[in-house]
file query-v2.pdb (PDB, C-alpha atoms)
ATOM      1  CA  MET I  12     306.218  73.225  -5.227  1.00  0.00           C
ATOM      2  CA  THR I  13     303.040  71.397  -4.325  1.00  0.00           C
ATOM      3  CA  LYS I  14     299.780  72.805  -3.021  1.00  0.00           C
ATOM      4  CA  ARG I  15     300.780  71.543   0.439  1.00  0.00           C
ATOM      5  CA  ASP I  16     304.124  73.376   0.226  1.00  0.00           C
ATOM      6  CA  LEU I  17     302.262  76.548  -0.716  1.00  0.00           C
ATOM      7  CA  VAL I  18     299.876  76.201   2.236  1.00  0.00           C
ATOM      8  CA  VAL I  19     302.728  75.638   4.707  1.00  0.00           C
ATOM      9  CA  ARG I  20     304.665  78.617   3.373  1.00  0.00           C
ATOM     10  CA  ILE I  21     301.685  80.977   3.500  1.00  0.00           C
ATOM     11  CA  ALA I  22     300.769  79.785   7.004  1.00  0.00           C
ATOM     12  CA  LYS I  23     304.304  80.460   8.255  1.00  0.00           C
ATOM     13  CA  GLU I  24     304.455  83.938   6.741  1.00  0.00           C
ATOM     14  CA  THR I  25     300.998  85.022   7.856  1.00  0.00           C
ATOM     15  CA  GLY I  26     300.716  83.228  11.193  1.00  0.00           C
ATOM     16  CA  LEU I  27     297.393  81.705  10.132  1.00  0.00           C
ATOM     17  CA  ILE I  28     296.369  78.113  10.827  1.00  0.00           C
ATOM     18  CA  GLN I  29     297.294  75.714   8.011  1.00  0.00           C
ATOM     19  CA  ASN I  30     293.724  74.367   7.796  1.00  0.00           C
ATOM     20  CA  SER I  31     292.376  77.866   7.154  1.00  0.00           C
ATOM     21  CA  VAL I  32     295.046  78.592   4.561  1.00  0.00           C
ATOM     22  CA  ALA I  33     294.387  75.227   2.870  1.00  0.00           C
ATOM     23  CA  ASP I  34     290.663  76.050   2.680  1.00  0.00           C
ATOM     24  CA  VAL I  35     291.347  79.434   1.079  1.00  0.00           C
ATOM     25  CA  VAL I  36     293.847  78.001  -1.414  1.00  0.00           C
ATOM     26  CA  GLN I  37     291.450  75.175  -2.344  1.00  0.00           C
ATOM     27  CA  LYS I  38     288.486  77.561  -2.719  1.00  0.00           C
ATOM     28  CA  THR I  39     290.603  79.824  -4.940  1.00  0.00           C
ATOM     29  CA  LEU I  40     291.568  76.908  -7.173  1.00  0.00           C
ATOM     30  CA  ASP I  41     287.967  75.667  -7.247  1.00  0.00           C
ATOM     31  CA  TYR I  42     286.696  79.067  -8.376  1.00  0.00           C
ATOM     32  CA  VAL I  43     289.379  79.321 -11.058  1.00  0.00           C
ATOM     33  CA  ALA I  44     288.497  75.830 -12.313  1.00  0.00           C
ATOM     34  CA  ASP I  45     284.758  76.610 -12.266  1.00  0.00           C
ATOM     35  CA  GLU I  46     285.226  79.757 -14.355  1.00  0.00           C
ATOM     36  CA  LEU I  47     287.480  77.982 -16.854  1.00  0.00           C
ATOM     37  CA  ALA I  48     284.979  75.100 -17.117  1.00  0.00           C
ATOM     38  CA  ARG I  49     282.353  77.709 -18.098  1.00  0.00           C
ATOM     39  CA  GLY I  50     284.690  79.052 -20.795  1.00  0.00           C
ATOM     40  CA  GLU I  51     285.503  82.255 -18.935  1.00  0.00           C
ATOM     41  CA  THR I  52     288.906  83.962 -18.718  1.00  0.00           C
ATOM     42  CA  ILE I  53     290.756  84.435 -15.422  1.00  0.00           C
ATOM     43  CA  GLU I  54     293.051  87.463 -15.229  1.00  0.00           C
ATOM     44  CA  LEU I  55     295.406  87.779 -12.279  1.00  0.00           C
ATOM     45  CA  ARG I  56     297.162  91.132 -12.650  1.00  0.00           C
ATOM     46  CA  ASN I  57     300.962  90.987 -12.795  1.00  0.00           C
ATOM     47  CA  PHE I  58     300.777  87.180 -12.794  1.00  0.00           C
ATOM     48  CA  GLY I  59     299.005  86.110 -15.956  1.00  0.00           C
ATOM     49  CA  VAL I  60     295.859  85.131 -17.789  1.00  0.00           C
ATOM     50  CA  PHE I  61     294.217  81.709 -17.939  1.00  0.00           C
ATOM     51  CA  GLU I  62     291.880  81.300 -20.887  1.00  0.00           C
ATOM     52  CA  VAL I  63     290.052  78.554 -22.729  1.00  0.00           C
ATOM     53  CA  LYS I  64     290.928  78.140 -26.402  1.00  0.00           C
ATOM     54  CA  VAL I  65     289.552  75.715 -28.962  1.00  0.00           C
ATOM     55  CA  ARG I  66     292.149  73.553 -30.640  1.00  0.00           C
ATOM     56  CA  LYS I  67     291.099  72.774 -34.223  1.00  0.00           C
ATOM     57  CA  SER I  68     290.515  69.285 -35.493  1.00  0.00           C
ATOM     58  CA  ARG I  69     293.578  67.794 -37.177  1.00  0.00           C
ATOM     59  CA  LYS I  70     294.997  64.617 -38.623  1.00  0.00           C
ATOM     60  CA  GLY I  71     297.515  62.680 -36.586  1.00  0.00           C
ATOM     61  CA  ARG I  72     299.558  59.533 -36.999  1.00  0.00           C
ATOM     62  CA  ASN I  73     300.394  56.669 -34.698  1.00  0.00           C
ATOM     63  CA  PRO I  74     304.222  56.516 -34.587  1.00  0.00           C
ATOM     64  CA  ASN I  75     304.027  52.712 -34.560  1.00  0.00           C
ATOM     65  CA  ARG I  76     301.848  52.656 -37.705  1.00  0.00           C
ATOM     66  CA  PRO I  77     302.617  55.884 -39.594  1.00  0.00           C
ATOM     67  CA  LYS I  78     300.494  54.887 -42.619  1.00  0.00           C
ATOM     68  CA  ASN I  79     297.305  55.041 -40.570  1.00  0.00           C
ATOM     69  CA  GLU I  80     295.896  58.542 -40.192  1.00  0.00           C
ATOM     70  CA  VAL I  81     293.715  59.307 -37.205  1.00  0.00           C
ATOM     71  CA  VAL I  82     291.382  62.289 -36.974  1.00  0.00           C
ATOM     72  CA  ILE I  83     291.923  64.160 -33.723  1.00  0.00           C
ATOM     73  CA  PRO I  84     288.685  66.054 -32.956  1.00  0.00           C
ATOM     74  CA  GLU I  85     288.615  69.694 -31.931  1.00  0.00           C
ATOM     75  CA  ARG I  86     288.733  70.254 -28.199  1.00  0.00           C
ATOM     76  CA  ALA I  87     288.893  72.946 -25.571  1.00  0.00           C
ATOM     77  CA  VAL I  88     292.232  73.505 -23.831  1.00  0.00           C
ATOM     78  CA  VAL I  89     293.441  75.868 -21.106  1.00  0.00           C
ATOM     79  CA  LYS I  90     296.159  78.322 -22.118  1.00  0.00           C
ATOM     80  CA  PHE I  91     298.244  80.481 -19.807  1.00  0.00           C
ATOM     81  CA  ARG I  92     299.890  83.762 -20.771  1.00  0.00           C
ATOM     82  CA  ALA I  93     302.352  85.128 -18.253  1.00  0.00           C
ATOM     83  CA  GLY I  94     301.867  88.713 -17.122  1.00  0.00           C
ATOM     84  CA  LYS I  95     304.477  91.425 -17.486  1.00  0.00           C
ATOM     85  CA  GLU I  96     305.852  91.156 -13.940  1.00  0.00           C
ATOM     86  CA  LEU I  97     306.080  87.352 -14.068  1.00  0.00           C
ATOM     87  CA  LYS I  98     307.788  87.461 -17.468  1.00  0.00           C
ATOM     88  CA  GLU I  99     310.370  89.915 -16.179  1.00  0.00           C
ATOM     89  CA  ARG I 100     311.130  87.768 -13.120  1.00  0.00           C
ATOM     90  CA  VAL I 101     311.477  84.595 -15.203  1.00  0.00           C
ATOM     91  CA  GLU I 102     313.691  86.324 -17.786  1.00  0.00           C
ATOM     92  CA  LYS I 103     316.202  87.076 -15.019  1.00  0.00           C
ATOM     93  CA  LEU I 104     316.507  83.336 -14.344  1.00  0.00           C
ATOM     94  CA  ASN I 105     319.776  81.698 -15.323  1.00  0.00           C
ATOM     95  CA  PRO I 106     318.874  78.869 -17.780  1.00  0.00           C
ATOM     96  CA  LYS I 107     321.761  76.744 -16.503  1.00  0.00           C
ATOM     97  CA  LYS I 108     320.180  76.592 -13.044  1.00  0.00           C
ATOM     98  CA  ILE I 109     316.888  75.116 -14.284  1.00  0.00           C
ATOM     99  CA  LYS I 110     316.500  71.403 -13.660  1.00  0.00           C
TER     100      LYS I 110
END
call {"tool": "encode", "arguments": {"input": "query-v2.pdb", "output": "structure tokens"}}
result
Amino acid sequence: MTKRDLVVRIAKETGLIQNSVADVVQKTLDYVADELARGETIELRNFGVFEVKVRKSRKGRNPNRPKNEVVIPERAVVKFRAGKELKERVEKLNPKKIK
């Protein structure tokens, strides 16, 4: 599902104009991104938690030249933990039906 698909679906179900729905969806995503860029945590009840974690520095290797070690610096990454309700819905999914 793309952002456009989401906008169309919400507009159909609510009867709102797609432009208005697109603005709200985009603003929501902008606010989430802004908070994460500041290092804050976003908690959406029953859906999940987005949080910024620091990945430690580590040594890596180029598969083409495995003798050469490269230092990968520490960096901030976004992690997502699914909420209880989302976990339960996904657990009901038949793994054979997943693409």
call {"tool": "resolve_selection", "arguments": {"input": "query-v2.pdb", "expression": "the PyMOL selection byres ((chain I and resi 92-102) around 8)", "output": "list of chain:residue names"}}
result
I:Arg56, I:Asn57, I:Phe58, I:Gly59, I:Val60, I:Phe61, I:Lys90, I:Phe91, I:Lys103, I:Leu104
call {"tool": "axis_aligned_box", "arguments": {"input": "query-v2.pdb", "around": "region 82-90 of chain I", "padding_each_side": "4 Å", "output": "AutoDock Vina command-line options"}}
result
--center_x 292.4 --center_y 70.3 --center_z -29.0 --size_x 15.5 --size_y 24.0 --size_z 23.9
call {"tool": "closest_residue", "arguments": {"input": "query-v2.pdb", "among": "I:Lys108, I:Lys64, I:Lys14, I:Lys70", "to": "Arg86 (chain I)", "atoms": "only C-alpha atoms"}}
result
I:Lys64
call {"tool": "atom_distance", "arguments": {"input": "query-v2.pdb", "atom1": "CA of Lys38 (chain I)", "atom2": "CA of Leu55 (chain I)"}}
result
15.6 Å
call {"tool": "resolve_selection", "arguments": {"input": "query-v2.pdb", "expression": "the PyMOL selection byres ((chain I and resi 84) around 6)", "output": "ChimeraX atom specification"}}
result
/I:68,83,85
call {"tool": "closest_residue", "arguments": {"input": "query-v2.pdb", "among": "I:Glu54, I:Glu80, I:Glu62, I:Asp16", "to": "Val32 (chain I)", "atoms": "all atoms listed in the file"}}
result
I:Asp16
call {"tool": "atom_distance", "arguments": {"input": "query-v2.pdb", "atom1": "CA of Val89 (chain I)", "atom2": "CA of Lys67 (chain I)"}}
result
13.7 Å
call {"tool": "closest_residue", "arguments": {"input": "query-v2.pdb", "among": "I:Ile53, I:Val81, I:Asn75, I:Pro106", "to": "Thr39 (chain I)", "atoms": "all atoms listed in the file"}}
result
I:Ile53
call {"tool": "atom_distance", "arguments": {"input": "query-v2.pdb", "atom1": "CA of Val65 (chain I)", "atom2": "CA of Asn79 (chain I)"}}
result
24.9 Å
call {"tool": "closest_residue", "arguments": {"input": "query-v2.pdb", "among": "I:Leu17, I:Ile109, I:Leu47, I:Val88", "to": "Val35 (chain I)", "atoms": "all atoms listed in the file"}}
result
I:Leu17
call {"tool": "residues_around", "arguments": {"input": "query-v2.pdb", "residues": "Gln29 (chain I)", "least_positions_apart": "6", "cutoff": "9 Å", "atoms": "only C-alpha atoms", "output": "JSON list (two decimals) with C-alpha atoms, keeping the file's coordinate frame"}}
result
[["chain", "number", "residue", "atom", "x", "y", "z"],
["I", 18, "VAL", "CA", 299.88, 76.20, 2.24],
["I", 19, "VAL", "CA", 302.73, 75.64, 4.71],
["I", 21, "ILE", "CA", 301.68, 80.98, 3.50],
["I", 22, "ALA", "CA", 300.77, 79.78, 7.00],
["I", 23, "LYS", "CA", 304.30, 80.46, 8.26]]
call {"tool": "closest_residue", "arguments": {"input": "query-v2.pdb", "among": "I:Ala87, I:Arg66, I:Asn105, I:Ile28", "to": "Ala48 (chain I)", "atoms": "all atoms listed in the file"}}
result
I:Ala87
call {"tool": "closest_residue", "arguments": {"input": "query-v2.pdb", "among": "I:Asn73, I:Lys78, I:Val63, I:Lys107", "to": "Gly50 (chain I)", "atoms": "only C-alpha atoms"}}
result
I:Val63
call {"tool": "build_atoms", "arguments": {"input": "query-v2.pdb", "residues": "region 74-106 of chain I", "atoms": "N, CA and C atoms", "output": "PDB file, in the coordinates of the input"}}
result
ATOM      1  N   PRO I  74     302.814  56.732 -34.229  1.00  0.00           N
ATOM      2  CA  PRO I  74     304.222  56.516 -34.587  1.00  0.00           C
ATOM      3  C   PRO I  74     304.544  55.050 -34.899  1.00  0.00           C
ATOM      4  N   ASN I  75     303.786  54.132 -34.306  1.00  0.00           N
ATOM      5  CA  ASN I  75     304.027  52.712 -34.560  1.00  0.00           C
ATOM      6  C   ASN I  75     303.464  52.256 -35.911  1.00  0.00           C
ATOM      7  N   ARG I  76     302.451  52.964 -36.401  1.00  0.00           N
ATOM      8  CA  ARG I  76     301.848  52.656 -37.705  1.00  0.00           C
ATOM      9  C   ARG I  76     301.639  53.965 -38.458  1.00  0.00           C
ATOM     10  N   PRO I  77     302.704  54.546 -38.987  1.00  0.00           N
ATOM     11  CA  PRO I  77     302.617  55.884 -39.594  1.00  0.00           C
ATOM     12  C   PRO I  77     301.709  55.966 -40.825  1.00  0.00           C
ATOM     13  N   LYS I  78     301.363  54.848 -41.429  1.00  0.00           N
ATOM     14  CA  LYS I  78     300.494  54.887 -42.619  1.00  0.00           C
ATOM     15  C   LYS I  78     299.046  55.142 -42.245  1.00  0.00           C
ATOM     16  N   ASN I  79     298.684  54.840 -41.020  1.00  0.00           N
ATOM     17  CA  ASN I  79     297.305  55.041 -40.570  1.00  0.00           C
ATOM     18  C   ASN I  79     297.120  56.459 -40.049  1.00  0.00           C
ATOM     19  N   GLU I  80     296.216  57.197 -40.678  1.00  0.00           N
ATOM     20  CA  GLU I  80     295.896  58.542 -40.192  1.00  0.00           C
ATOM     21  C   GLU I  80     294.719  58.455 -39.235  1.00  0.00           C
ATOM     22  N   VAL I  81     294.785  59.260 -38.191  1.00  0.00           N
ATOM     23  CA  VAL I  81     293.715  59.307 -37.205  1.00  0.00           C
ATOM     24  C   VAL I  81     293.241  60.757 -37.119  1.00  0.00           C
ATOM     25  N   VAL I  82     291.928  60.943 -37.117  1.00  0.00           N
ATOM     26  CA  VAL I  82     291.382  62.289 -36.974  1.00  0.00           C
ATOM     27  C   VAL I  82     291.302  62.614 -35.491  1.00  0.00           C
ATOM     28  N   ILE I  83     291.965  63.685 -35.100  1.00  0.00           N
ATOM     29  CA  ILE I  83     291.923  64.160 -33.723  1.00  0.00           C
ATOM     30  C   ILE I  83     290.872  65.269 -33.682  1.00  0.00           C
ATOM     31  N   PRO I  84     289.775  65.069 -32.949  1.00  0.00           N
ATOM     32  CA  PRO I  84     288.685  66.054 -32.956  1.00  0.00           C
ATOM     33  C   PRO I  84     289.085  67.366 -32.273  1.00  0.00           C
ATOM     34  N   GLU I  85     288.336  68.421 -32.610  1.00  0.00           N
ATOM     35  CA  GLU I  85     288.615  69.694 -31.931  1.00  0.00           C
ATOM     36  C   GLU I  85     288.270  69.542 -30.459  1.00  0.00           C
ATOM     37  N   ARG I  86     288.973  70.326 -29.634  1.00  0.00           N
ATOM     38  CA  ARG I  86     288.733  70.254 -28.199  1.00  0.00           C
ATOM     39  C   ARG I  86     289.123  71.559 -27.538  1.00  0.00           C
ATOM     40  N   ALA I  87     288.581  71.756 -26.355  1.00  0.00           N
ATOM     41  CA  ALA I  87     288.893  72.946 -25.571  1.00  0.00           C
ATOM     42  C   ALA I  87     290.113  72.660 -24.711  1.00  0.00           C
ATOM     43  N   VAL I  88     291.030  73.632 -24.654  1.00  0.00           N
ATOM     44  CA  VAL I  88     292.232  73.505 -23.831  1.00  0.00           C
ATOM     45  C   VAL I  88     292.429  74.799 -23.042  1.00  0.00           C
ATOM     46  N   VAL I  89     293.129  74.694 -21.927  1.00  0.00           N
ATOM     47  CA  VAL I  89     293.441  75.868 -21.106  1.00  0.00           C
ATOM     48  C   VAL I  89     294.815  76.386 -21.514  1.00  0.00           C
ATOM     49  N   LYS I  90     294.891  77.669 -21.784  1.00  0.00           N
ATOM     50  CA  LYS I  90     296.159  78.322 -22.118  1.00  0.00           C
ATOM     51  C   LYS I  90     296.490  79.319 -21.013  1.00  0.00           C
ATOM     52  N   PHE I  91     297.787  79.508 -20.794  1.00  0.00           N
ATOM     53  CA  PHE I  91     298.244  80.481 -19.807  1.00  0.00           C
ATOM     54  C   PHE I  91     299.204  81.443 -20.477  1.00  0.00           C
ATOM     55  N   ARG I  92     298.962  82.731 -20.299  1.00  0.00           N
ATOM     56  CA  ARG I  92     299.890  83.762 -20.771  1.00  0.00           C
ATOM     57  C   ARG I  92     300.429  84.483 -19.549  1.00  0.00           C
ATOM     58  N   ALA I  93     301.730  84.476 -19.406  1.00  0.00           N
ATOM     59  CA  ALA I  93     302.352  85.128 -18.253  1.00  0.00           C
ATOM     60  C   ALA I  93     302.179  86.641 -18.347  1.00  0.00           C
ATOM     61  N   GLY I  94     301.969  87.262 -17.194  1.00  0.00           N
ATOM     62  CA  GLY I  94     301.867  88.713 -17.122  1.00  0.00           C
ATOM     63  C   GLY I  94     303.242  89.362 -17.182  1.00  0.00           C
ATOM     64  N   LYS I  95     303.233  90.666 -17.330  1.00  0.00           N
ATOM     65  CA  LYS I  95     304.477  91.425 -17.486  1.00  0.00           C
ATOM     66  C   LYS I  95     305.458  91.192 -16.334  1.00  0.00           C
ATOM     67  N   GLU I  96     304.972  91.304 -15.110  1.00  0.00           N
ATOM     68  CA  GLU I  96     305.852  91.156 -13.940  1.00  0.00           C
ATOM     69  C   GLU I  96     306.422  89.741 -13.857  1.00  0.00           C
ATOM     70  N   LEU I  97     305.605  88.735 -14.104  1.00  0.00           N
ATOM     71  CA  LEU I  97     306.080  87.352 -14.068  1.00  0.00           C
ATOM     72  C   LEU I  97     307.105  87.102 -15.175  1.00  0.00           C
ATOM     73  N   LYS I  98     306.835  87.614 -16.361  1.00  0.00           N
ATOM     74  CA  LYS I  98     307.788  87.461 -17.468  1.00  0.00           C
ATOM     75  C   LYS I  98     309.146  88.051 -17.108  1.00  0.00           C
ATOM     76  N   GLU I  99     309.117  89.247 -16.536  1.00  0.00           N
ATOM     77  CA  GLU I  99     310.370  89.915 -16.179  1.00  0.00           C
ATOM     78  C   GLU I  99     311.149  89.116 -15.135  1.00  0.00           C
ATOM     79  N   ARG I 100     310.454  88.554 -14.161  1.00  0.00           N
ATOM     80  CA  ARG I 100     311.130  87.768 -13.120  1.00  0.00           C
ATOM     81  C   ARG I 100     311.719  86.483 -13.697  1.00  0.00           C
ATOM     82  N   VAL I 101     310.996  85.846 -14.604  1.00  0.00           N
ATOM     83  CA  VAL I 101     311.477  84.595 -15.203  1.00  0.00           C
ATOM     84  C   VAL I 101     312.645  84.864 -16.154  1.00  0.00           C
ATOM     85  N   GLU I 102     312.610  85.991 -16.853  1.00  0.00           N
ATOM     86  CA  GLU I 102     313.691  86.324 -17.786  1.00  0.00           C
ATOM     87  C   GLU I 102     315.028  86.509 -17.062  1.00  0.00           C
ATOM     88  N   LYS I 103     314.980  86.893 -15.797  1.00  0.00           N
ATOM     89  CA  LYS I 103     316.202  87.076 -15.019  1.00  0.00           C
ATOM     90  C   LYS I 103     316.820  85.741 -14.603  1.00  0.00           C
ATOM     91  N   LEU I 104     316.060  84.656 -14.761  1.00  0.00           N
ATOM     92  CA  LEU I 104     316.507  83.336 -14.344  1.00  0.00           C
ATOM     93  C   LEU I 104     317.650  82.844 -15.228  1.00  0.00           C
ATOM     94  N   ASN I 105     318.642  82.252 -14.606  1.00  0.00           N
ATOM     95  CA  ASN I 105     319.776  81.698 -15.323  1.00  0.00           C
ATOM     96  C   ASN I 105     319.362  80.325 -15.868  1.00  0.00           C
ATOM     97  N   PRO I 106     319.319  80.148 -17.203  1.00  0.00           N
ATOM     98  CA  PRO I 106     318.874  78.869 -17.780  1.00  0.00           C
ATOM     99  C   PRO I 106     319.688  77.669 -17.319  1.00  0.00           C
TER     100      PRO I 106
END
